[in-house]
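Below is one structure, written out as structure tokens; the observations come after it.
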Protein chains: 4
Amino acid sequence: MAGNTIGKLFTVTTFGESHGPGLGCIVDGCPPGIPLDEGMLQQDLDRRKPGTSRYTTQRREPDAVRILSGVFDGVTTGTPIGLLIENTDQRSKDYSEIKDRFRPAHADYGYWHKYGIRDYRGGGRSSARETAMRVAAGAIARQFLLAQGITVRGYLSQMGPIKAETFDWNEVDRNPFFCPDAVKAAEMADYINSLRKEGNSIGARITVTATGLMPGLGEPVFDRLDADLAHALMSINAVKGVEIGAGFGCVEQKGTEHRDEMTPEGFLSNHAGGILGGITTGQDIVAHIALKPTSSLLVPGRSIDVEGNPVEVVTKGRHDPCVGVRATPIAEAMMSIVLMDHLLRHRAQNSDVSVSTPVIAGAVS
Amino acid sequence: MAGNTIGKLFTVTTFGESHGPGLGCIVDGCPPGIPLDEGMLQQDLDRRKPGTSRYTTQRREPDAVRILSGVFDGVTTGTPIGLLIENTDQRSKDYSEIKDRFRPAHADYGYWHKYGIRDYRGGGRSSARETAMRVAAGAIARQFLLAQGITVRGYLSQMGPIKAETFDWNEVDRNPFFCPDAVKAAEMADYINSLRKEGNSIGARITVTATGLMPGLGEPVFDRLDADLAHALMSINAVKGVEIGAGFGCVEQKGTEHRDEMTPEGFLSNHAGGILGGITTGQDIVAHIALKPTSSLLVPGRSIDVEGNPVEVVTKGRHDPCVGVRATPIAEAMMSIVLMDHLLRHRAQNSDVSVSTPVIAGAVS
Amino acid sequence: MAGNTIGKLFTVTTFGESHGPGLGCIVDGCPPGIPLDEGMLQQDLDRRKPGTSRYTTQRREPDAVRILSGVFDGVTTGTPIGLLIENTDQRSKDYSEIKDRFRPAHADYGYWHKYGIRDYRGGGRSSARETAMRVAAGAIARQFLLAQGITVRGYLSQMGPIKAETFDWNEVDRNPFFCPDAVKAAEMADYINSLRKEGNSIGARITVTATGLMPGLGEPVFDRLDADLAHALMSINAVKGVEIGAGFGCVEQKGTEHRDEMTPEGFLSNHAGGILGGITTGQDIVAHIALKPTSSLLVPGRSIDVEGNPVEVVTKGRHDPCVGVRATPIAEAMMSIVLMDHLLRHRAQNSDVSVSTPVIAGAVS
Amino acid sequence: MAGNTIGKLFTVTTFGESHGPGLGCIVDGCPPGIPLDEGMLQQDLDRRKPGTSRYTTQRREPDAVRILSGVFDGVTTGTPIGLLIENTDQRSKDYSEIKDRFRPAHADYGYWHKYGIRDYRGGGRSSARETAMRVAAGAIARQFLLAQGITVRGYLSQMGPIKAETFDWNEVDRNPFFCPDAVKAAEMADYINSLRKEGNSIGARITVTATGLMPGLGEPVFDRLDADLAHALMSINAVKGVEIGAGFGCVEQKGTEHRDEMTPEGFLSNHAGGILGGITTGQDIVAHIALKPTSSLLVPGRSIDVEGNPVEVVTKGRHDPCVGVRATPIAEAMMSIVLMDHLLRHRAQNSDVSVSTPVIAGAVS
């Protein structure tokens, strides 16, 4: 495969370039009888949509999604769900001047050597535009997960030097950064403005969580739940790192500190991030991702052209100073897709052996 | 699938419990004509083998691997390669006393809820023993990569508070920790001894690199090379985090700092870790993983038994105070498997369009 | 997976119901640089299109296909190719009266028990309409195969009692039945008319061939080329049997009669149909399929309704008296998809060992 | 993949050459808690074992299978099941003289061009020996199916000109041909002897059935149950044709004759062979396969050697005059594997929508 499909039982296959006729995907493996309509998908799509605030690119993307199949009388039928978003606002001219030169830290150079062909208009498949379909497919998974009592939520835990210090889920949707800390959100707004002035960008850290899971979900070896989450989250544009639970913090932890002790009343901590040996413990799943600063800058950068000559590159276009600002819904979507896939796999392989052991509570972490 | 296969074209499927009759795997998709014999596999297996130094578990595992198929007259035939290691030293009695209780931070509890059945002998599939087959399969991939001029190497960059500060590839194989810094390696030896005395354990950080890659290897969307590496590396026992290049460091980097500028003479830095948009740039691939401290401790821990009653658990067994000590060859194996898989995929999809653009050098990082 | 994808490296995933907004598919794994435009696809689509002659359903399906991605400046880019056909002529009322009753020999009853939900409008996914996307995807594969000197062609070898006796490739496209025998084609025309009068239908036999293949294409065990062809051809609506070469004729053949002897000048016969042990011999691939008579009849049939009560069913709609009439392009498409998939797999696994043995000619069969 | 794996959720991956150290497979995806021991597997293996009667090759294959993992305390654990049969009786010398020449109608020539390397000892992967592992894996599926009330059984319906005319399941296991007709079985014995005298071979037709299935099993498009069965059955050595139900008989059937009418008391016929639109109807599944005559003959045949020179080939070895004689257990195994795979897929995708429609009885066919 050329790698445009994710999932084993709940599969999402996407197509589309940022400046072609449109973006689409096929969601296969969704069980029948799940309530679904375009409004449910649009709700999630609008959360990642650019142009919604002064702090993201002003490019207009109506992102109006159409359900082309797999839904009848308001519920899924069990057949593949075809989704389509037609592209509208495509200012190809923005890109004409970088037609023959590689942008530093962009996928251009690698694409050129891989394909020998270049759709220079907005990076083609490497454009963040591609993630719209991930969010639409993720919204379907969220509907399924909600029916199982599972909630997937994320937030921006850090933007450059600014870390969220207080935590309020309600605040997350009140600011354009998905930041759980109102005070820091205000600082972020100022910071973004200063970055835009200097034509620069910044990295970010996002945290995604899942609550309501039972223990015993996942696989022990290659398709561990944490390994599949790492794959799905690292596949998001600009992500350079993935952590589960304590993540890199455990490098300096001793076993006595790291291990999550268990009592009949529940776990005493959650350094594991809800997954041990690739399988859920029933605690919340906690994952963190690192997003690099966007490489489309107004500050000139040294590069080469297709002939290998030295050139200077300035990316005019319309870009986010911090791609992390819009990435929270995408991270939620990817985690939702992976969890639904594993829930379907679990159904298939579920044991006929009943276990009397009580499920204990997760740590209040 | 139950998740015991990795790879799309170069596939590795493993089986075996730490205390069953043996461990094995089937390596499918290896092209014909590649020199291979048991000695080549044994060499890599011996690098991860326990009992080789005072600093790892004293459990004896001869780990003698047999090639059961796919090799004829000293070269691969293109048919599936069956590998088998029969288990010899299995002290099941060591585990009898934790038969009915869950070890804190072990996979026990999740396994129990997933399967309803428990092979309590050494954790079954969750045992580090399972990784022997990854190393054997990885050794086959290494043979293939070497023929393409690609070298995969790793080292222990940190153990608990001790970080490698000087760097010497030659030193890596001179100490039992795969540490590139001789002075720090000596400190690690003392540290391990003190940990064993207190019956505790510690986490570690390992770095894996690949050199000799051409630009253009990988896929743009879900099966990005970095996403597949994240999946493969996170699937290693005890790994809780994966970074590519700057990793979480890029959260606080500005775009002007992070971007790897290009000149006709080569890249000026390698914060991307050799991968942009899921595709290689031709620079070295650099990945880091975080390994948690082993949870098998002599220090008593609070837990529950299968009836949900509170119990105290002490893991006598024979365990590594730092699983990171033996994990370097495993990380190398996983990266090798992923790279070979993508090289075969690249062969299948390679373009008939020729590119005149010269390949530029990687940064001396 | 829910089974809407075919292929391992060249993958085709389809969606769409006969009476929903549209049909689409994603073709993934197509190498870059292959000339492609909508006209090329339309040409093949028009060959299977109903309403083109008096002998097929008069339902109008413009089948205008749009390429939504993966093509730039007239050639494939190596990224997924999204295809869409919007539905236009959907007379759902035709189906209203069979809303609550199962049509004998239709997929209705099984679908009902599988999904618990029923899109009674024209059978949803079980409609022959779904095959339009197979033809479009197959047309892409044909472009690739042609560049390799491989030609896939089929014909109607039998309709009910009428067998083609003379053979002329030129004649195949001159009559609406894809029959290579002009005289028999005329008989078929009369036969179809008489069937329509009596409101009945008839089965058919189609032969598909591939020329220009090299020896050595395919796999030895489960993914044999003939096994993959059997899967692809049996997946076509109404197909109940698949033969390779002599097929069921070999049941009564002796080894001395069946074996295709070889000489330096070439094979002396082709009972194997071009495939031995799952791998091509370089002879023409010859496959035959049996298509059942359509079950949508004007002659009343006994059946039950969703409550299990006895009912009489008459299918008014607009249906082909012989589905085989339009199936030749579909069979060609499926064989093309399988061959392209195996050619890409061959590229990936190709040997570095060169063989001096000359390729001998195929039998003039 | 190199095609040595079959199944999506219940996967079987095999390795091994007829004259290497051994044969093995990994069965992944088997749910936990299913009773299993080596005796259960051996029982099925012994049914296909050569050397059990005068009518098959006298080659001795103890075929003693070992379970290396995935079973604990007599039941499956849900982890991969590793199986191994070590080769014992390997008379490689038998093959030395055909080392450099291609046997007509063997896979030799295609293998040579595919791999460029040749394990001439008994055909390597193309040897019928490979099917032992299919039978072992199939035996695991049979255990699972039996627990669901599903029985898979097959018989030899025709050997060359001799067709079974009477039918008695009890007779099937009483003769070495799996023939349901005692009188014809006796004729077959004489026929085999005469063939052996003349050093020739003959084709055969085998029928496989499954009873006890519910309606609604399968998928609508590419992974239709009949398509997957066609793939699995065509992947058996020497199979050249596959039919479901009426098969090629439906070419001359009218719709009124072919359609299986339904009444509250049940179906009135079973021309569909239990599958409509790729999904079960609840009737018995009925499939037929055509097996070609073995190509290893004592009657000299014309061929070429690796240099392309004309040679005469006589295959001394020890071979079955009719490979169909031993193929019934293999066909049963393949059908069992496909059904178990689809049952697990069904579990994963099962609807939450309940259907009140009663399941009607199958036709007494």
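In the structure tokens, chains take the letters A, B, ... in the order shown, each chain's residues start at 1, and ligands count up from 1 in the order shown.
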
Near chain C, meaning an atom within 10 Å, which residues of chain A appear when counting only C-alpha atoms? Write them as a ChimeraX atom specification. /A:1-5,7-11,13-33,66-73,75-84,86,114-119,124-125,341

Written selection (C-alpha atoms) as an mmCIF file, in the first residue's frame:
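Generated file (again_10.cif):
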```
data_model
loop_
_atom_site.group_PDB
_atom_site.id
_atom_site.type_symbol
_atom_site.label_atom_id
_atom_site.label_comp_id
_atom_site.auth_asym_id
_atom_site.auth_seq_id
_atom_site.Cartn_x
_atom_site.Cartn_y
_atom_site.Cartn_z
ATOM 1 C CA MET A 1 0.000 0.000 0.000
ATOM 2 C CA ALA A 2 1.049 3.591 -0.564
ATOM 3 C CA GLY A 3 0.102 4.310 3.007
ATOM 4 C CA ASN A 4 -3.109 6.290 2.701
ATOM 5 C CA THR A 5 -5.106 3.880 4.861
ATOM 6 C CA GLY A 7 -6.763 0.936 10.785
ATOM 7 C CA LYS A 8 -7.288 -2.811 10.525
ATOM 8 C CA LEU A 9 -11.035 -3.196 11.103
ATOM 9 C CA PHE A 10 -12.122 0.404 11.216
ATOM 10 C CA THR A 11 -10.223 1.703 8.206
ATOM 11 C CA THR A 13 -8.461 5.869 3.490
ATOM 12 C CA THR A 14 -7.963 9.463 2.376
ATOM 13 C CA PHE A 15 -7.249 11.212 -0.907
ATOM 14 C CA GLY A 16 -6.895 14.787 -2.077
ATOM 15 C CA GLU A 17 -4.451 17.616 -2.527
ATOM 16 C CA SER A 18 -4.810 21.019 -0.931
ATOM 17 C CA HIS A 19 -5.279 22.658 -4.299
ATOM 18 C CA GLY A 20 -6.988 19.924 -6.314
ATOM 19 C CA PRO A 21 -10.749 19.607 -6.860
ATOM 20 C CA GLY A 22 -11.347 18.237 -3.392
ATOM 21 C CA LEU A 23 -10.509 16.033 -0.432
ATOM 22 C CA GLY A 24 -12.234 12.813 0.441
ATOM 23 C CA CYS A 25 -12.067 9.599 2.378
ATOM 24 C CA ILE A 26 -13.679 6.228 2.729
ATOM 25 C CA VAL A 27 -14.470 5.013 6.220
ATOM 26 C CA ASP A 28 -14.899 1.259 6.110
ATOM 27 C CA GLY A 29 -15.852 -1.115 8.914
ATOM 28 C CA CYS A 30 -18.280 1.109 10.796
ATOM 29 C CA PRO A 31 -21.020 -1.106 12.264
ATOM 30 C CA PRO A 32 -24.616 -0.419 11.220
ATOM 31 C CA GLY A 33 -27.140 1.444 13.332
ATOM 32 C CA ARG A 66 -20.877 15.678 2.172
ATOM 33 C CA ILE A 67 -21.753 12.108 3.142
ATOM 34 C CA LEU A 68 -21.936 10.221 -0.157
ATOM 35 C CA SER A 69 -22.762 6.719 1.087
ATOM 36 C CA GLY A 70 -23.108 4.380 4.047
ATOM 37 C CA VAL A 71 -25.824 6.361 5.822
ATOM 38 C CA PHE A 72 -29.555 5.782 5.329
ATOM 39 C CA ASP A 73 -32.434 7.285 7.306
ATOM 40 C CA VAL A 75 -27.981 5.893 10.761
ATOM 41 C CA THR A 76 -24.975 4.046 9.386
ATOM 42 C CA THR A 77 -25.817 1.019 7.251
ATOM 43 C CA GLY A 78 -22.569 -0.918 7.760
ATOM 44 C CA THR A 79 -21.415 -0.176 4.213
ATOM 45 C CA PRO A 80 -18.447 2.112 3.455
ATOM 46 C CA ILE A 81 -18.984 5.775 4.252
ATOM 47 C CA GLY A 82 -17.752 8.061 1.490
ATOM 48 C CA LEU A 83 -16.961 11.645 2.489
ATOM 49 C CA LEU A 84 -16.137 14.584 0.255
ATOM 50 C CA GLU A 86 -14.786 20.155 -2.439
ATOM 51 C CA LYS A 114 10.433 10.161 -4.217
ATOM 52 C CA TYR A 115 7.998 11.048 -6.967
ATOM 53 C CA GLY A 116 10.075 12.912 -9.535
ATOM 54 C CA ILE A 117 6.906 14.955 -9.980
ATOM 55 C CA ARG A 118 5.894 17.962 -7.987
ATOM 56 C CA ASP A 119 2.529 19.440 -7.231
ATOM 57 C CA GLY A 124 -0.111 18.572 -2.143
ATOM 58 C CA ARG A 125 -0.513 15.673 0.272
ATOM 59 C CA ASP A 341 -10.312 0.099 15.592
#
```

Once DSSP has gone over the backbone, tell me which residues of segment 47-225 of chain C are in strand (DSSP E), as a compact mmCIF listing (two decimals) with N, CA and C atoms, in the first residue's frame.
```
# COMPACT_ATOMS: atom_id res chain seq x y z
N VAL C 65 -17.37 10.20 -14.94
CA VAL C 65 -16.42 10.07 -13.83
C VAL C 65 -15.55 11.31 -13.69
N ARG C 66 -15.31 11.71 -12.44
CA ARG C 66 -14.40 12.83 -12.18
C ARG C 66 -13.17 12.31 -11.45
N ILE C 67 -11.99 12.79 -11.84
CA ILE C 67 -10.76 12.49 -11.12
C ILE C 67 -10.56 13.62 -10.12
N VAL C 71 -3.70 13.17 -9.93
CA VAL C 71 -3.28 13.43 -11.31
C VAL C 71 -2.97 14.92 -11.44
N PHE C 72 -1.82 15.23 -12.02
CA PHE C 72 -1.40 16.62 -12.18
C PHE C 72 -0.71 16.76 -13.53
N VAL C 75 -0.55 13.47 -15.81
CA VAL C 75 0.07 12.20 -15.38
C VAL C 75 -0.21 11.95 -13.89
N THR C 76 -0.13 10.68 -13.50
CA THR C 76 -0.33 10.35 -12.09
C THR C 76 0.83 10.92 -11.28
N ILE C 81 -5.56 8.27 -6.02
CA ILE C 81 -6.44 8.80 -7.05
C ILE C 81 -7.88 8.64 -6.59
N GLY C 82 -8.54 9.76 -6.37
CA GLY C 82 -9.94 9.73 -5.95
C GLY C 82 -10.84 9.85 -7.17
N LEU C 83 -11.81 8.95 -7.29
CA LEU C 83 -12.74 8.98 -8.43
C LEU C 83 -14.17 9.11 -7.92
N LEU C 84 -14.99 9.84 -8.65
CA LEU C 84 -16.38 10.02 -8.24
C LEU C 84 -17.32 10.03 -9.45
N ILE C 85 -18.41 9.29 -9.30
CA ILE C 85 -19.51 9.35 -10.27
C ILE C 85 -20.75 9.72 -9.47
N GLU C 86 -21.33 10.86 -9.76
CA GLU C 86 -22.54 11.25 -9.05
C GLU C 86 -23.72 10.54 -9.69
N THR C 151 -1.64 -6.95 -22.45
CA THR C 151 -3.00 -6.64 -22.88
C THR C 151 -4.00 -7.60 -22.25
N VAL C 152 -5.04 -7.03 -21.66
CA VAL C 152 -6.10 -7.85 -21.05
C VAL C 152 -7.36 -7.68 -21.90
N ARG C 153 -7.90 -8.78 -22.38
CA ARG C 153 -9.11 -8.72 -23.19
C ARG C 153 -10.05 -9.87 -22.86
N GLY C 154 -11.34 -9.63 -22.99
CA GLY C 154 -12.31 -10.68 -22.71
C GLY C 154 -13.40 -10.73 -23.74
N TYR C 155 -14.19 -11.76 -23.66
CA TYR C 155 -15.33 -11.90 -24.58
C TYR C 155 -16.38 -12.81 -23.97
N LEU C 156 -17.59 -12.72 -24.51
CA LEU C 156 -18.68 -13.58 -24.08
C LEU C 156 -18.57 -14.90 -24.85
N SER C 157 -18.24 -15.97 -24.17
CA SER C 157 -18.06 -17.24 -24.89
C SER C 157 -19.34 -18.06 -24.99
N GLN C 158 -20.31 -17.76 -24.13
CA GLN C 158 -21.57 -18.50 -24.19
C GLN C 158 -22.68 -17.72 -23.50
N MET C 159 -23.88 -17.75 -24.10
CA MET C 159 -25.08 -17.19 -23.47
C MET C 159 -26.14 -18.27 -23.49
N ILE C 162 -26.41 -20.84 -26.34
CA ILE C 162 -25.69 -20.37 -27.54
C ILE C 162 -24.19 -20.18 -27.27
N LYS C 163 -23.36 -21.00 -27.92
CA LYS C 163 -21.91 -20.91 -27.75
C LYS C 163 -21.25 -20.25 -28.95
N ALA C 204 -24.59 -16.93 -18.37
CA ALA C 204 -23.60 -16.72 -19.42
C ALA C 204 -22.21 -17.16 -18.95
N ARG C 205 -21.33 -17.33 -19.93
CA ARG C 205 -19.95 -17.69 -19.66
C ARG C 205 -19.04 -16.67 -20.36
N ILE C 206 -18.11 -16.12 -19.61
CA ILE C 206 -17.20 -15.12 -20.17
C ILE C 206 -15.77 -15.61 -20.03
N THR C 207 -14.96 -15.31 -21.04
CA THR C 207 -13.55 -15.68 -21.02
C THR C 207 -12.70 -14.42 -20.99
N VAL C 208 -11.71 -14.39 -20.12
CA VAL C 208 -10.81 -13.24 -20.03
C VAL C 208 -9.38 -13.72 -20.23
N THR C 209 -8.61 -12.99 -20.99
CA THR C 209 -7.24 -13.40 -21.27
C THR C 209 -6.26 -12.24 -21.05
N ALA C 210 -5.01 -12.60 -20.79
CA ALA C 210 -3.94 -11.61 -20.69
C ALA C 210 -2.76 -12.10 -21.53
N THR C 211 -2.25 -11.23 -22.39
CA THR C 211 -1.09 -11.59 -23.20
C THR C 211 0.07 -10.64 -22.90
```

Near-Ile337 of chain A list (7 Å; only C-alpha atoms; drop same-chain fewer than 4 positions) as a count of residues only: 4

Write out as a PyMOL selection string all residues of segment 76-158 of chain D that backbone DSSP assigns to alpha helix (DSSP H). chain D and resi 93-96+108-115+131-147

Hey, what's within 9 Å of Met214 of chain C if we count only C-alpha atoms and toss same-chain stuff fewer than 6 positions away? As a list of chain:residue names, please? C:Thr280, C:Thr281, C:Gly282, C:Gln283, C:Val359, D:His113

May I have the selected residues written with N, CA, C and O atoms, as a compact mmCIF listing (two decimals), in the first residue's frame?
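The resulting again36.txt:
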```
# COMPACT_ATOMS: atom_id res chain seq x y z
N THR C 280 3.21 -17.29 -13.25
CA THR C 280 3.06 -17.30 -14.71
C THR C 280 4.16 -18.10 -15.40
O THR C 280 5.29 -18.16 -14.93
N THR C 281 3.77 -18.70 -16.54
CA THR C 281 4.75 -19.44 -17.37
C THR C 281 5.18 -18.59 -18.56
O THR C 281 6.09 -18.97 -19.29
N GLY C 282 4.49 -17.46 -18.77
CA GLY C 282 4.76 -16.63 -19.93
C GLY C 282 3.76 -16.90 -21.05
O GLY C 282 3.67 -16.15 -22.01
N GLN C 283 2.97 -17.97 -20.88
CA GLN C 283 1.89 -18.23 -21.84
C GLN C 283 0.74 -17.26 -21.53
O GLN C 283 0.72 -16.62 -20.47
N VAL C 359 13.49 -17.24 -22.29
CA VAL C 359 12.04 -17.32 -22.17
C VAL C 359 11.51 -17.94 -23.46
O VAL C 359 11.83 -17.45 -24.55
N HIS D 113 12.29 -18.39 -13.09
CA HIS D 113 12.29 -17.01 -13.59
C HIS D 113 11.92 -16.02 -12.49
O HIS D 113 12.35 -14.87 -12.51
```

Which residues, written as a list in words, have at least one atom at most 9 Å from Ser126 of chain D, with only C-alpha atoms counted and residues fewer than 3 positions away on the same chain left out? Pro220, Val221, Gly277 and Gly278 of chain C; Glu17, Ser18, His106, Ala107, Asp108, Gly122, Gly123, Arg129, Glu130 and Asn237 of chain D

Just write the chosen residues, N, CA, C and O atoms, as a PDB file, in the first residue's frame.
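The resulting selection_3.pdb:
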```
ATOM      1  N   PRO C 220       3.836 -18.337  -4.586  1.00  0.00           N
ATOM      2  CA  PRO C 220       3.661 -19.800  -4.580  1.00  0.00           C
ATOM      3  C   PRO C 220       2.530 -20.358  -3.718  1.00  0.00           C
ATOM      4  O   PRO C 220       1.999 -21.409  -4.036  1.00  0.00           O
ATOM      5  N   VAL C 221       2.149 -19.680  -2.653  1.00  0.00           N
ATOM      6  CA  VAL C 221       1.269 -20.357  -1.703  1.00  0.00           C
ATOM      7  C   VAL C 221      -0.154 -19.761  -1.669  1.00  0.00           C
ATOM      8  O   VAL C 221      -0.963 -20.067  -2.540  1.00  0.00           O
ATOM      9  N   GLY C 277       1.583 -23.548 -10.399  1.00  0.00           N
ATOM     10  CA  GLY C 277       2.019 -23.320  -9.021  1.00  0.00           C
ATOM     11  C   GLY C 277       1.800 -21.883  -8.583  1.00  0.00           C
ATOM     12  O   GLY C 277       2.509 -21.361  -7.725  1.00  0.00           O
ATOM     13  N   GLY C 278       0.833 -21.211  -9.200  1.00  0.00           N
ATOM     14  CA  GLY C 278       0.510 -19.848  -8.817  1.00  0.00           C
ATOM     15  C   GLY C 278       1.348 -18.788  -9.496  1.00  0.00           C
ATOM     16  O   GLY C 278       1.196 -17.591  -9.221  1.00  0.00           O
TER      17      GLY C 278
ATOM     18  N   GLU D  17       9.930 -25.931   3.361  1.00  0.00           N
ATOM     19  CA  GLU D  17      10.079 -26.642   2.098  1.00  0.00           C
ATOM     20  C   GLU D  17       9.957 -28.135   2.369  1.00  0.00           C
ATOM     21  O   GLU D  17      10.232 -28.602   3.475  1.00  0.00           O
ATOM     22  N   SER D  18       9.576 -28.860   1.341  1.00  0.00           N
ATOM     23  CA  SER D  18       9.351 -30.298   1.505  1.00  0.00           C
ATOM     24  C   SER D  18      10.621 -31.011   1.963  1.00  0.00           C
ATOM     25  O   SER D  18      10.552 -32.032   2.622  1.00  0.00           O
ATOM     26  N   HIS D 106       5.082 -28.548 -14.197  1.00  0.00           N
ATOM     27  CA  HIS D 106       5.469 -28.247 -12.828  1.00  0.00           C
ATOM     28  C   HIS D 106       5.707 -26.741 -12.683  1.00  0.00           C
ATOM     29  O   HIS D 106       5.796 -26.020 -13.677  1.00  0.00           O
ATOM     30  N   ALA D 107       5.848 -26.305 -11.440  1.00  0.00           N
ATOM     31  CA  ALA D 107       6.084 -24.881 -11.184  1.00  0.00           C
ATOM     32  C   ALA D 107       7.542 -24.491 -11.446  1.00  0.00           C
ATOM     33  O   ALA D 107       7.886 -23.308 -11.436  1.00  0.00           O
ATOM     34  N   ASP D 108       8.383 -25.483 -11.712  1.00  0.00           N
ATOM     35  CA  ASP D 108       9.828 -25.248 -11.872  1.00  0.00           C
ATOM     36  C   ASP D 108      10.182 -24.015 -12.690  1.00  0.00           C
ATOM     37  O   ASP D 108      10.915 -23.143 -12.252  1.00  0.00           O
ATOM     38  N   GLY D 122      12.172 -31.587  -4.606  1.00  0.00           N
ATOM     39  CA  GLY D 122      10.736 -31.778  -4.382  1.00  0.00           C
ATOM     40  C   GLY D 122       9.905 -30.531  -4.569  1.00  0.00           C
ATOM     41  O   GLY D 122       8.793 -30.427  -4.059  1.00  0.00           O
ATOM     42  N   GLY D 123      10.449 -29.576  -5.262  1.00  0.00           N
ATOM     43  CA  GLY D 123       9.629 -28.418  -5.608  1.00  0.00           C
ATOM     44  C   GLY D 123       9.525 -27.368  -4.522  1.00  0.00           C
ATOM     45  O   GLY D 123       8.826 -26.370  -4.673  1.00  0.00           O
ATOM     46  N   ARG D 129       3.506 -31.157   0.110  1.00  0.00           N
ATOM     47  CA  ARG D 129       3.902 -31.257   1.517  1.00  0.00           C
ATOM     48  C   ARG D 129       3.475 -29.998   2.286  1.00  0.00           C
ATOM     49  O   ARG D 129       3.110 -30.066   3.456  1.00  0.00           O
ATOM     50  N   GLU D 130       3.492 -28.852   1.600  1.00  0.00           N
ATOM     51  CA  GLU D 130       3.164 -27.574   2.243  1.00  0.00           C
ATOM     52  C   GLU D 130       1.749 -27.610   2.816  1.00  0.00           C
ATOM     53  O   GLU D 130       1.438 -26.922   3.802  1.00  0.00           O
ATOM     54  N   ASN D 237      -2.788 -26.675  -4.123  1.00  0.00           N
ATOM     55  CA  ASN D 237      -2.028 -27.231  -5.247  1.00  0.00           C
ATOM     56  C   ASN D 237      -2.931 -27.972  -6.219  1.00  0.00           C
ATOM     57  O   ASN D 237      -3.802 -28.724  -5.804  1.00  0.00           O
TER      58      ASN D 237
END
```

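Residues in contact range of Gly218 of chain D, defined as at most 8 Å between only C-alpha atoms, with sequence neighbours fewer than 5 positions away removed, read Asp223, Arg224, Leu225, Gly278, Ile279, Thr280, His342 and His346 of chain D.
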
Compare C:Leu291, C:Ala363, C:Leu297, C:Val12 by their minimum atom-to-atom distance to Met340 of chain C, counting only C-alpha atoms, and give me the closest one. C:Val12
